[in-house]
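What follows is final.cif (mmCIF, C-alpha atoms (C1' of nucleotides)).
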data_run
#
loop_
_atom_site.group_PDB
_atom_site.id
_atom_site.type_symbol
_atom_site.label_atom_id
_atom_site.label_comp_id
_atom_site.auth_asym_id
_atom_site.auth_seq_id
_atom_site.Cartn_x
_atom_site.Cartn_y
_atom_site.Cartn_z
ATOM 1 C CA MET W 1 16.182 173.268 133.621
ATOM 2 C CA PRO W 2 18.887 171.365 131.820
ATOM 3 C CA GLU W 3 21.596 170.275 134.197
ATOM 4 C CA LEU W 4 24.455 167.964 133.290
ATOM 5 C CA PRO W 5 22.321 164.787 133.218
ATOM 6 C CA GLU W 6 19.736 166.429 130.972
ATOM 7 C CA VAL W 7 22.421 167.822 128.651
ATOM 8 C CA GLU W 8 24.040 164.396 128.452
ATOM 9 C CA THR W 9 20.665 162.836 127.689
ATOM 10 C CA ILE W 10 19.972 165.374 124.961
ATOM 11 C CA ARG W 11 23.417 164.632 123.513
ATOM 12 C CA ARG W 12 22.710 160.905 123.413
ATOM 13 C CA CYS W 13 19.267 161.591 122.011
ATOM 14 C CA VAL W 14 20.190 163.868 119.097
ATOM 15 C CA ALA W 15 23.560 162.327 118.194
ATOM 16 C CA PRO W 16 22.245 159.417 116.086
ATOM 17 C CA GLY W 17 20.088 161.828 114.098
ATOM 18 C CA VAL W 18 22.798 164.372 113.302
ATOM 19 C CA ILE W 19 26.071 162.442 112.998
ATOM 20 C CA ASP W 20 27.196 162.067 109.365
ATOM 21 C CA GLN W 21 24.489 164.528 108.291
ATOM 22 C CA THR W 22 25.332 167.619 106.272
ATOM 23 C CA VAL W 23 24.042 171.002 107.392
ATOM 24 C CA THR W 24 22.097 172.353 104.414
ATOM 25 C CA ASP W 25 20.948 175.569 106.049
ATOM 26 C CA VAL W 26 20.985 177.548 109.290
ATOM 27 C CA ILE W 27 18.080 179.833 110.164
ATOM 28 C CA ILE W 28 18.588 182.419 112.912
ATOM 29 C CA ARG W 29 15.251 183.842 114.030
ATOM 30 C CA ASN W 30 16.494 185.569 117.129
ATOM 31 C CA PRO W 31 20.234 186.129 117.573
ATOM 32 C CA ASN W 32 19.833 187.720 120.989
ATOM 33 C CA LEU W 33 20.895 184.913 123.265
ATOM 34 C CA ARG W 34 23.388 185.240 126.116
ATOM 35 C CA TRP W 35 25.846 186.321 123.448
ATOM 36 C CA PRO W 36 24.721 187.230 119.931
ATOM 37 C CA VAL W 37 24.571 184.294 117.546
ATOM 38 C CA PRO W 38 27.342 184.974 114.986
ATOM 39 C CA PRO W 39 25.720 186.430 111.849
ATOM 40 C CA ALA W 40 28.161 184.404 109.760
ATOM 41 C CA LEU W 41 27.048 181.109 111.341
ATOM 42 C CA PRO W 42 24.985 180.012 108.296
ATOM 43 C CA ASP W 43 27.927 180.615 105.975
ATOM 44 C CA CYS W 44 30.267 178.856 108.398
ATOM 45 C CA MET W 45 28.134 175.734 108.710
ATOM 46 C CA ARG W 46 26.377 175.318 105.391
ATOM 47 C CA GLY W 47 27.708 172.261 103.583
ATOM 48 C CA ARG W 48 29.584 170.904 106.592
ATOM 49 C CA LYS W 49 29.085 167.392 107.879
ATOM 50 C CA ILE W 50 28.638 166.802 111.619
ATOM 51 C CA SER W 51 31.092 164.072 112.593
ATOM 52 C CA ALA W 52 30.497 163.871 116.360
ATOM 53 C CA VAL W 53 28.408 165.289 119.188
ATOM 54 C CA GLU W 54 30.292 165.646 122.444
ATOM 55 C CA ARG W 55 29.675 167.308 125.790
ATOM 56 C CA ARG W 56 31.935 169.342 128.065
ATOM 57 C CA GLY W 57 30.196 170.270 131.286
ATOM 58 C CA LYS W 58 26.859 171.644 130.139
ATOM 59 C CA TYR W 59 28.167 172.621 126.707
ATOM 60 C CA LEU W 60 27.198 170.571 123.658
ATOM 61 C CA LEU W 61 29.913 170.388 121.007
ATOM 62 C CA PHE W 62 28.978 169.572 117.407
ATOM 63 C CA ASP W 63 32.186 168.616 115.618
ATOM 64 C CA CYS W 64 32.073 169.747 112.005
ATOM 65 C CA GLY W 65 35.616 168.834 111.051
ATOM 66 C CA THR W 66 37.435 172.143 110.734
ATOM 67 C CA GLY W 67 35.065 173.935 113.103
ATOM 68 C CA THR W 68 32.858 173.237 116.104
ATOM 69 C CA LEU W 69 29.389 174.455 117.008
ATOM 70 C CA ILE W 70 29.217 175.229 120.742
ATOM 71 C CA VAL W 71 25.754 175.225 122.323
ATOM 72 C CA HIS W 72 24.788 175.966 125.920
ATOM 73 C CA LEU W 73 21.157 175.503 126.915
ATOM 74 C CA GLY W 74 21.216 178.020 129.740
ATOM 75 C CA MET W 75 18.319 177.573 132.101
ATOM 76 C CA SER W 76 15.419 176.932 129.796
ATOM 77 C CA GLY W 77 16.899 175.717 126.527
ATOM 78 C CA LYS W 78 16.312 172.471 124.711
ATOM 79 C CA MET W 79 17.423 171.011 121.410
ATOM 80 C CA LEU W 80 14.890 169.032 119.444
ATOM 81 C CA LEU W 81 15.180 166.941 116.303
ATOM 82 C CA GLU W 82 12.075 167.682 114.308
ATOM 83 C CA PRO W 83 10.719 167.092 110.812
ATOM 84 C CA GLU W 84 11.671 169.792 108.328
ATOM 85 C CA SER W 85 7.998 170.493 107.709
ATOM 86 C CA LYS W 86 7.208 171.362 111.313
ATOM 87 C CA PRO W 87 6.601 175.104 111.662
ATOM 88 C CA ALA W 88 8.651 177.048 114.153
ATOM 89 C CA GLU W 89 7.040 177.904 117.449
ATOM 90 C CA LYS W 90 7.583 180.660 119.933
ATOM 91 C CA HIS W 91 11.164 180.755 121.257
ATOM 92 C CA ASP W 92 12.515 178.564 118.432
ATOM 93 C CA HIS W 93 15.557 180.773 117.903
ATOM 94 C CA VAL W 94 17.899 178.764 115.673
ATOM 95 C CA ASP W 95 17.297 175.914 113.185
ATOM 96 C CA PHE W 96 19.950 173.653 111.658
ATOM 97 C CA THR W 97 18.481 171.970 108.609
ATOM 98 C CA LEU W 98 20.076 168.587 107.911
ATOM 99 C CA SER W 99 20.453 166.481 104.799
ATOM 100 C CA ASN W 100 18.211 163.760 106.234
ATOM 101 C CA GLY W 101 15.189 166.064 106.239
ATOM 102 C CA LYS W 102 15.345 166.795 109.947
ATOM 103 C CA ILE W 103 15.829 170.066 111.767
ATOM 104 C CA LEU W 104 17.975 170.403 114.854
ATOM 105 C CA ARG W 105 16.078 173.187 116.608
ATOM 106 C CA LEU W 106 17.088 175.329 119.593
ATOM 107 C CA ASN W 107 14.201 176.528 121.741
ATOM 108 C CA ASP W 108 15.102 178.739 124.699
ATOM 109 C CA PRO W 109 12.399 180.939 126.294
ATOM 110 C CA ARG W 110 14.715 182.743 128.699
ATOM 111 C CA ARG W 111 17.545 183.086 126.195
ATOM 112 C CA PHE W 112 20.245 182.357 128.761
ATOM 113 C CA GLY W 113 21.791 179.855 126.380
ATOM 114 C CA CYS W 114 24.289 180.464 123.611
ATOM 115 C CA VAL W 115 25.166 179.289 120.111
ATOM 116 C CA LEU W 116 28.764 179.920 119.066
ATOM 117 C CA TRP W 117 31.149 178.802 116.351
ATOM 118 C CA THR W 118 34.849 178.173 116.813
ATOM 119 C CA LEU W 119 37.607 177.131 114.447
ATOM 120 C CA GLU W 120 40.038 176.280 117.236
ATOM 121 C CA PRO W 121 39.859 173.030 119.210
ATOM 122 C CA PRO W 122 36.831 173.608 121.483
ATOM 123 C CA ARG W 123 38.770 172.731 124.623
ATOM 124 C CA LEU W 124 40.922 175.807 123.972
ATOM 125 C CA HIS W 125 37.897 178.098 123.671
ATOM 126 C CA PRO W 126 37.809 180.741 126.449
ATOM 127 C CA LEU W 127 34.504 179.378 127.743
ATOM 128 C CA LEU W 128 35.812 175.832 128.072
ATOM 129 C CA ARG W 129 39.550 175.947 128.691
ATOM 130 C CA ASP W 130 39.395 176.701 132.424
ATOM 131 C CA LEU W 131 36.615 174.288 133.311
ATOM 132 C CA GLY W 132 37.129 171.738 136.062
ATOM 133 C CA PRO W 133 37.040 167.980 135.523
ATOM 134 C CA GLU W 134 33.976 166.011 134.501
ATOM 135 C CA PRO W 135 32.351 164.651 137.682
ATOM 136 C CA LEU W 136 31.691 161.207 136.205
ATOM 137 C CA THR W 137 35.331 160.577 135.300
ATOM 138 C CA GLU W 138 38.319 159.351 137.289
ATOM 139 C CA GLN W 139 39.809 162.847 137.066
ATOM 140 C CA PHE W 140 37.276 163.966 139.675
ATOM 141 C CA HIS W 141 37.772 162.691 143.214
ATOM 142 C CA GLY W 142 37.677 163.799 146.823
ATOM 143 C CA ASP W 143 41.403 164.443 147.018
ATOM 144 C CA LEU W 144 41.058 167.069 144.282
ATOM 145 C CA LEU W 145 38.239 168.813 146.148
ATOM 146 C CA TYR W 146 40.281 168.756 149.323
ATOM 147 C CA GLU W 147 43.402 170.168 147.688
ATOM 148 C CA ARG W 148 41.585 172.917 145.825
ATOM 149 C CA SER W 149 39.539 173.956 148.846
ATOM 150 C CA ARG W 150 42.448 174.699 151.175
ATOM 151 C CA GLY W 151 42.391 178.294 152.288
ATOM 152 C CA ARG W 152 38.983 178.922 150.752
ATOM 153 C CA SER W 153 36.341 180.535 152.948
ATOM 154 C CA VAL W 154 33.499 180.200 150.463
ATOM 155 C CA THR W 155 30.750 177.780 151.516
ATOM 156 C CA VAL W 156 31.042 174.189 150.374
ATOM 157 C CA LYS W 157 27.857 174.447 148.338
ATOM 158 C CA GLU W 158 29.123 177.424 146.357
ATOM 159 C CA PHE W 159 32.493 175.667 146.053
ATOM 160 C CA ILE W 160 31.125 172.557 144.348
ATOM 161 C CA MET W 161 28.882 174.680 142.107
ATOM 162 C CA ASN W 162 31.956 176.496 140.792
ATOM 163 C CA SER W 163 32.544 175.144 137.271
ATOM 164 C CA HIS W 164 36.252 175.843 137.599
ATOM 165 C CA ILE W 165 36.345 173.275 140.421
ATOM 166 C CA VAL W 166 34.067 170.657 138.880
ATOM 167 C CA VAL W 167 31.617 171.033 136.001
ATOM 168 C CA GLY W 168 27.953 170.202 135.926
ATOM 169 C CA VAL W 169 26.939 170.449 139.585
ATOM 170 C CA GLY W 170 23.939 172.766 139.483
ATOM 171 C CA ASN W 171 21.759 173.871 142.342
ATOM 172 C CA ILE W 172 19.570 170.769 142.450
ATOM 173 C CA TYR W 173 22.440 168.294 142.485
ATOM 174 C CA ALA W 174 24.524 170.380 144.890
ATOM 175 C CA ASN W 175 21.694 170.230 147.411
ATOM 176 C CA GLU W 176 21.123 166.508 146.889
ATOM 177 C CA SER W 177 24.825 165.599 146.972
ATOM 178 C CA LEU W 178 25.458 167.506 150.197
ATOM 179 C CA PHE W 179 22.503 165.759 151.809
ATOM 180 C CA ALA W 180 23.796 162.375 150.658
ATOM 181 C CA ALA W 181 27.239 163.189 152.091
ATOM 182 C CA LYS W 182 25.682 164.593 155.313
ATOM 183 C CA ILE W 183 27.559 167.881 154.941
ATOM 184 C CA HIS W 184 25.941 171.169 155.947
ATOM 185 C CA PRO W 185 25.815 173.464 152.888
ATOM 186 C CA THR W 186 27.089 176.546 154.733
ATOM 187 C CA ARG W 187 30.315 174.966 156.013
ATOM 188 C CA PRO W 188 33.412 176.779 154.771
ATOM 189 C CA ALA W 189 34.977 174.736 151.981
ATOM 190 C CA GLY W 190 38.443 175.082 153.454
ATOM 191 C CA ARG W 191 37.432 173.508 156.759
ATOM 192 C CA ILE W 192 36.189 170.143 155.545
ATOM 193 C CA SER W 193 38.334 167.032 155.987
ATOM 194 C CA LEU W 194 39.739 164.859 153.229
ATOM 195 C CA GLN W 195 37.589 161.955 154.331
ATOM 196 C CA ARG W 196 34.407 164.015 154.038
ATOM 197 C CA TYR W 197 35.433 165.328 150.618
ATOM 198 C CA ARG W 198 35.878 161.732 149.488
ATOM 199 C CA GLN W 199 32.335 161.048 150.679
ATOM 200 C CA LEU W 200 31.094 164.172 148.905
ATOM 201 C CA ALA W 201 32.790 163.283 145.620
ATOM 202 C CA ALA W 202 31.266 159.815 145.787
ATOM 203 C CA ALA W 203 27.860 161.351 146.500
ATOM 204 C CA ILE W 204 28.145 163.743 143.542
ATOM 205 C CA LYS W 205 29.029 160.842 141.244
ATOM 206 C CA GLU W 206 26.193 158.724 142.590
ATOM 207 C CA VAL W 207 23.551 161.458 142.345
ATOM 208 C CA LEU W 208 24.578 162.526 138.839
ATOM 209 C CA HIS W 209 24.838 158.950 137.602
ATOM 210 C CA ALA W 210 21.359 158.167 138.882
ATOM 211 C CA ALA W 211 20.025 161.353 137.318
ATOM 212 C CA VAL W 212 21.565 160.497 133.937
ATOM 213 C CA GLU W 213 19.764 157.175 134.066
ATOM 214 C CA GLN W 214 16.452 158.808 134.962
ATOM 215 C CA GLY W 215 16.926 161.651 132.490
ATOM 216 C CA GLY W 216 17.548 159.120 129.802
ATOM 217 C CA THR W 217 14.077 157.814 130.236
ATOM 218 C CA THR W 218 12.545 161.230 130.629
ATOM 219 C CA LEU W 219 13.986 163.157 127.752
ATOM 220 C CA ARG W 220 13.655 160.490 125.100
ATOM 221 C CA ASP W 221 10.243 162.018 124.447
ATOM 222 C CA PHE W 222 11.918 165.155 123.188
ATOM 223 C CA CYS W 223 13.244 163.227 120.212
ATOM 224 C CA ASP W 224 10.271 161.058 119.482
ATOM 225 C CA SER W 225 7.340 163.348 119.920
ATOM 226 C CA ALA W 226 9.291 166.561 119.407
ATOM 227 C CA GLY W 227 8.252 168.746 122.204
ATOM 228 C CA ASN W 228 6.782 166.940 125.161
ATOM 229 C CA PRO W 229 8.056 169.322 127.837
ATOM 230 C CA GLY W 230 7.568 167.200 130.937
ATOM 231 C CA TYR W 231 10.610 166.366 132.962
ATOM 232 C CA PHE W 232 10.615 163.194 134.984
ATOM 233 C CA GLN W 233 10.194 164.091 138.631
ATOM 234 C CA LEU W 234 13.443 162.985 140.158
ATOM 235 C CA GLU W 235 13.292 161.407 143.531
ATOM 236 C CA LEU W 236 14.612 164.482 145.263
ATOM 237 C CA ARG W 237 15.299 164.119 148.967
ATOM 238 C CA VAL W 238 15.749 167.763 149.964
ATOM 239 C CA TYR W 239 15.412 170.023 146.926
ATOM 240 C CA LYS W 240 12.143 171.985 147.026
ATOM 241 C CA ARG W 241 11.024 169.958 150.054
ATOM 242 C CA ALA W 242 11.141 172.780 152.606
ATOM 243 C CA GLY W 243 8.986 171.974 155.624
ATOM 244 C CA GLN W 244 8.511 168.355 154.631
ATOM 245 C CA PRO W 245 9.981 165.612 156.846
ATOM 246 C CA CYS W 246 13.524 164.451 156.180
ATOM 247 C CA CYS W 247 13.499 160.968 154.658
ATOM 248 C CA ALA W 248 16.209 159.918 157.119
ATOM 249 C CA CYS W 249 15.241 161.463 160.470
ATOM 250 C CA GLY W 250 11.805 163.024 160.044
ATOM 251 C CA GLN W 251 12.905 166.542 160.949
ATOM 252 C CA PRO W 252 11.519 169.254 158.654
ATOM 253 C CA ILE W 253 13.741 170.209 155.724
ATOM 254 C CA GLN W 254 15.131 173.739 156.098
ATOM 255 C CA THR W 255 15.580 176.330 153.377
ATOM 256 C CA ILE W 256 17.897 179.327 153.215
ATOM 257 C CA ARG W 257 19.375 181.456 150.459
ATOM 258 C CA GLN W 258 23.025 181.214 149.458
ATOM 259 C CA ALA W 259 24.478 183.363 146.701
ATOM 260 C CA GLN W 260 20.969 184.265 145.539
ATOM 261 C CA ARG W 261 19.975 180.591 145.235
ATOM 262 C CA ALA W 262 17.687 178.408 147.292
ATOM 263 C CA THR W 263 19.429 175.906 149.545
ATOM 264 C CA PHE W 264 17.639 172.946 151.136
ATOM 265 C CA PHE W 265 19.062 170.797 153.906
ATOM 266 C CA CYS W 266 18.332 168.787 157.059
ATOM 267 C CA LYS W 267 19.894 170.460 160.064
ATOM 268 C CA LYS W 268 19.931 167.198 162.004
ATOM 269 C CA CYS W 269 21.489 164.962 159.346
ATOM 270 C CA GLN W 270 23.890 167.499 157.844
ATOM 271 C CA HIS W 271 26.661 169.094 159.855
ATOM 272 C "C1'" DT C 1 43.475 185.373 143.931
ATOM 273 C "C1'" DT C 2 39.206 185.262 146.110
ATOM 274 C "C1'" DA C 3 34.586 186.638 147.242
ATOM 275 C "C1'" DA C 4 30.457 189.146 146.495
ATOM 276 C "C1'" DT C 5 27.271 191.178 143.542
ATOM 277 C "C1'" DC C 6 25.064 192.249 139.266
ATOM 278 C "C1'" DA C 7 22.978 191.377 134.862
ATOM 279 C "C1'" DC C 8 20.660 188.821 131.548
ATOM 280 C "C1'" DC C 9 15.340 186.828 130.645
ATOM 281 C "C1'" DT C 10 10.645 184.910 130.734
ATOM 282 C "C1'" DG C 11 7.119 182.031 132.717
ATOM 283 C "C1'" DA C 12 4.813 180.580 136.848
ATOM 284 C "C1'" DG C 13 2.459 181.607 140.810
ATOM 285 C "C1'" DG C 14 0.620 184.383 144.493
ATOM 286 C "C1'" DG C 15 -1.672 188.526 146.261
ATOM 287 C "C1'" DC C 16 -4.835 192.085 145.638
ATOM 288 C "C1'" DT P 1 -10.195 188.640 135.315
ATOM 289 C "C1'" DG P 2 -6.302 191.370 135.132
ATOM 290 C "C1'" DC P 3 -2.430 193.615 136.919
ATOM 291 C "C1'" DC P 4 1.691 193.724 139.586
ATOM 292 C "C1'" DC P 5 5.300 191.684 142.060
ATOM 293 C "C1'" DT P 6 8.496 188.030 143.316
ATOM 294 C "C1'" DC P 7 10.954 184.036 142.406
ATOM 295 C "C1'" DA P 8 13.580 180.675 139.843
ATOM 296 C "C1'" DG P 9 18.301 179.758 138.052
ATOM 297 C "C1'" DG P 10 23.662 179.307 135.049
ATOM 298 C "C1'" DT P 11 27.375 181.805 134.471
ATOM 299 C "C1'" DG P 12 30.320 185.642 132.765
ATOM 300 C "C1'" DA P 13 31.509 190.342 134.010
ATOM 301 C "C1'" DT P 14 32.497 193.666 137.307
ATOM 302 C "C1'" DT P 15 33.881 195.414 141.644
ATOM 303 C "C1'" DA P 16 36.039 195.282 146.140
#

Same coordinates, now as structure tokens:
Amino acid sequence: MPELPEVETIRRCVAPGVIDQTVTDVIIRNPNLRWPVPPALPDCMRGRKISAVERRGKYLLFDCGTGTLIVHLGMSGKMLLEPESKPAEKHDHVDFTLSNGKILRLNDPRRFGCVLWTLEPPRLHPLLRDLGPEPLTEQFHGDLLYERSRGRSVTVKEFIMNSHIVVGVGNIYANESLFAAKIHPTRPAGRISLQRYRQLAAAIKEVLHAAVEQGGTTLRDFCDSAGNPGYFQLELRVYKRAGQPCCACGQPIQTIRQAQRATFFCKKCQH
DNA sequence: TTAATCACCTGAGGGC
DNA sequence: TGCCCTCAGGTGATTA
């Protein structure tokens, strides 16, 4: 599923093909995404030139001058740049036809994603205005995690997956980051020291940075061959490795459920 | 304000 | 082979 590194890779991948292109048409095949695709979207976008493609958390922002297209890929979405002649396939819900003969196409089998249009600065949009800092910037650091966790009884894993604390840490990277920082995922967030939060913040940055690099290699296929679905198998150390030996100590990786999500950890290395 | 739970959705995989 | 069930997961909304 697209996590922050995959979304960033898709942004880098599609940007050269859409920037400075004019949207000549918008085709909505299925408006029933997480929120209904605005029926007026074609009228809003037709004739507008895309000047930039940015990312905020897992949201892609297509700057069209006086308005912005906001796209979230949910759990199963992907955006592909395809030739105009390529017929739509199952789950191709929205097409943006561009002046260079390409189509920017949203495919999302589970329809957890969204396609929205806003005239206000996107950072003021209700979905984006309360988001936490970007994890790969200087605005995100261990001191911030420490300060914002005081008095919180929620587990540290749920805490770092909260997009109001920091954006882009999904289940996979939460598991991997906590392993790297040697912190047990069920520890209450408010009872972790500043020093350990500094280690955790560094681990989150390291894991996400490495994943962006790997995703960059993986997802390039989406642009070139338009649809190769295979994700590069990240070198995951705990995620989906239940019962397998820990790469550090050899003890079997444990799995539990937290907040309806699978958690993987090493009970010897993480405490 | 915080925490817990629910809802949304479809494909994959396992059991029978 | 086909049917049924469970699981996976991001995130806003709702409830306590």

**OP:** Within 10 Å of chain W, which residues of chain P are there when counting all atoms listed in the file? Please give them as a list in words.
**Re:**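 Matching residues, ligands excluded from the count: DA8, DG9, DG10, DT11 and DG12 of chain P.
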
Report as a tab-separated table: every residue of chain C with an atom at most 12 Å from chain W, its closest pair of atoms, and their distance in Å to one decimal, counting all atoms listed in the file, with rows sorted by chain and ascending residue number.
residue	atom	partner	partner_atom	distance
C:DT1	C1'	W:Arg152	CA	10.4
C:DT2	C1'	W:Arg152	CA	7.9
C:DA3	C1'	W:Val154	CA	7.3
C:DA4	C1'	W:Ala259	CA	8.3
C:DT5	C1'	W:Ala259	CA	8.9
C:DC6	C1'	W:Gln260	CA	10.9
C:DA7	C1'	W:Arg34	CA	10.7
C:DC8	C1'	W:Phe112	CA	7.1
C:DC9	C1'	W:Arg110	CA	4.6
C:DT10	C1'	W:Arg110	CA	5.0
C:DG11	C1'	W:Pro109	CA	8.4

Original post:
Between atom C1' of DG13 of chain C and atom CA of Glu176 of chain W, what is the spacing in Å?
Top reply: 24.8 Å

**OP:** May I have the residues within 7 Å of Asn175 of chain W as an NGL selection string, using all atoms listed in the file and disregarding those fewer than 3 positions away in the same chain?
**Re:** :W and (171-172 or 178-179 or 238-239 or 263-264)

**OP:** Just give me the gap between atom CA of Asp63 of chain W and atom CA of Glu206 of chain W in Å, one decimal is fine.
**Re:** 29.3 Å

I'd like the neighbourhood of Cys44 of chain W as a short mmCIF file (atom, residue, chain, number, x, y, z; two decimals) with C-alpha atoms, keeping the file's coordinate frame, where a residue qualifies if any of its atoms comes within 10 Å (using only C-alpha atoms (C1' of nucleotides)), though same-chain residues fewer than 6 positions away should be ignored.
data_model
loop_
_atom_site.label_atom_id
_atom_site.label_comp_id
_atom_site.auth_asym_id
_atom_site.auth_seq_id
_atom_site.Cartn_x
_atom_site.Cartn_y
_atom_site.Cartn_z
CA VAL W 26 20.98 177.55 109.29
CA PRO W 38 27.34 184.97 114.99
CA CYS W 64 32.07 169.75 112.00
CA GLY W 67 35.06 173.94 113.10
CA THR W 68 32.86 173.24 116.10
CA LEU W 69 29.39 174.46 117.01
CA TRP W 117 31.15 178.80 116.35
CA THR W 118 34.85 178.17 116.81
CA LEU W 119 37.61 177.13 114.45
#

**OP:** Can you work out the spacing between atom CA of Pro39 of chain W and atom CA of Ser51 of chain W in Å, to one decimal?
**Re:**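 Between atom CA of Pro39 of chain W and atom CA of Ser51 of chain W the gap works out to 23.0 Å.
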
**OP:** Check which residues satisfy the PyMOL selection byres ((chain W and resi 15) around 10) in the file shown, then give them as a VMD selection string.
**Re:** chain W and resid 9 to 14 16 to 20 50 to 54 62 81

Original post:
Taking the file as shown, what set of residues would the PyMOL selection byres ((chain W and resi 271) around 6) give back, as a list in words?
Top reply: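 Checked against the file, the PyMOL selection byres ((chain W and resi 271) around 6) matches Ile183, His184 and Gln270 of chain W.
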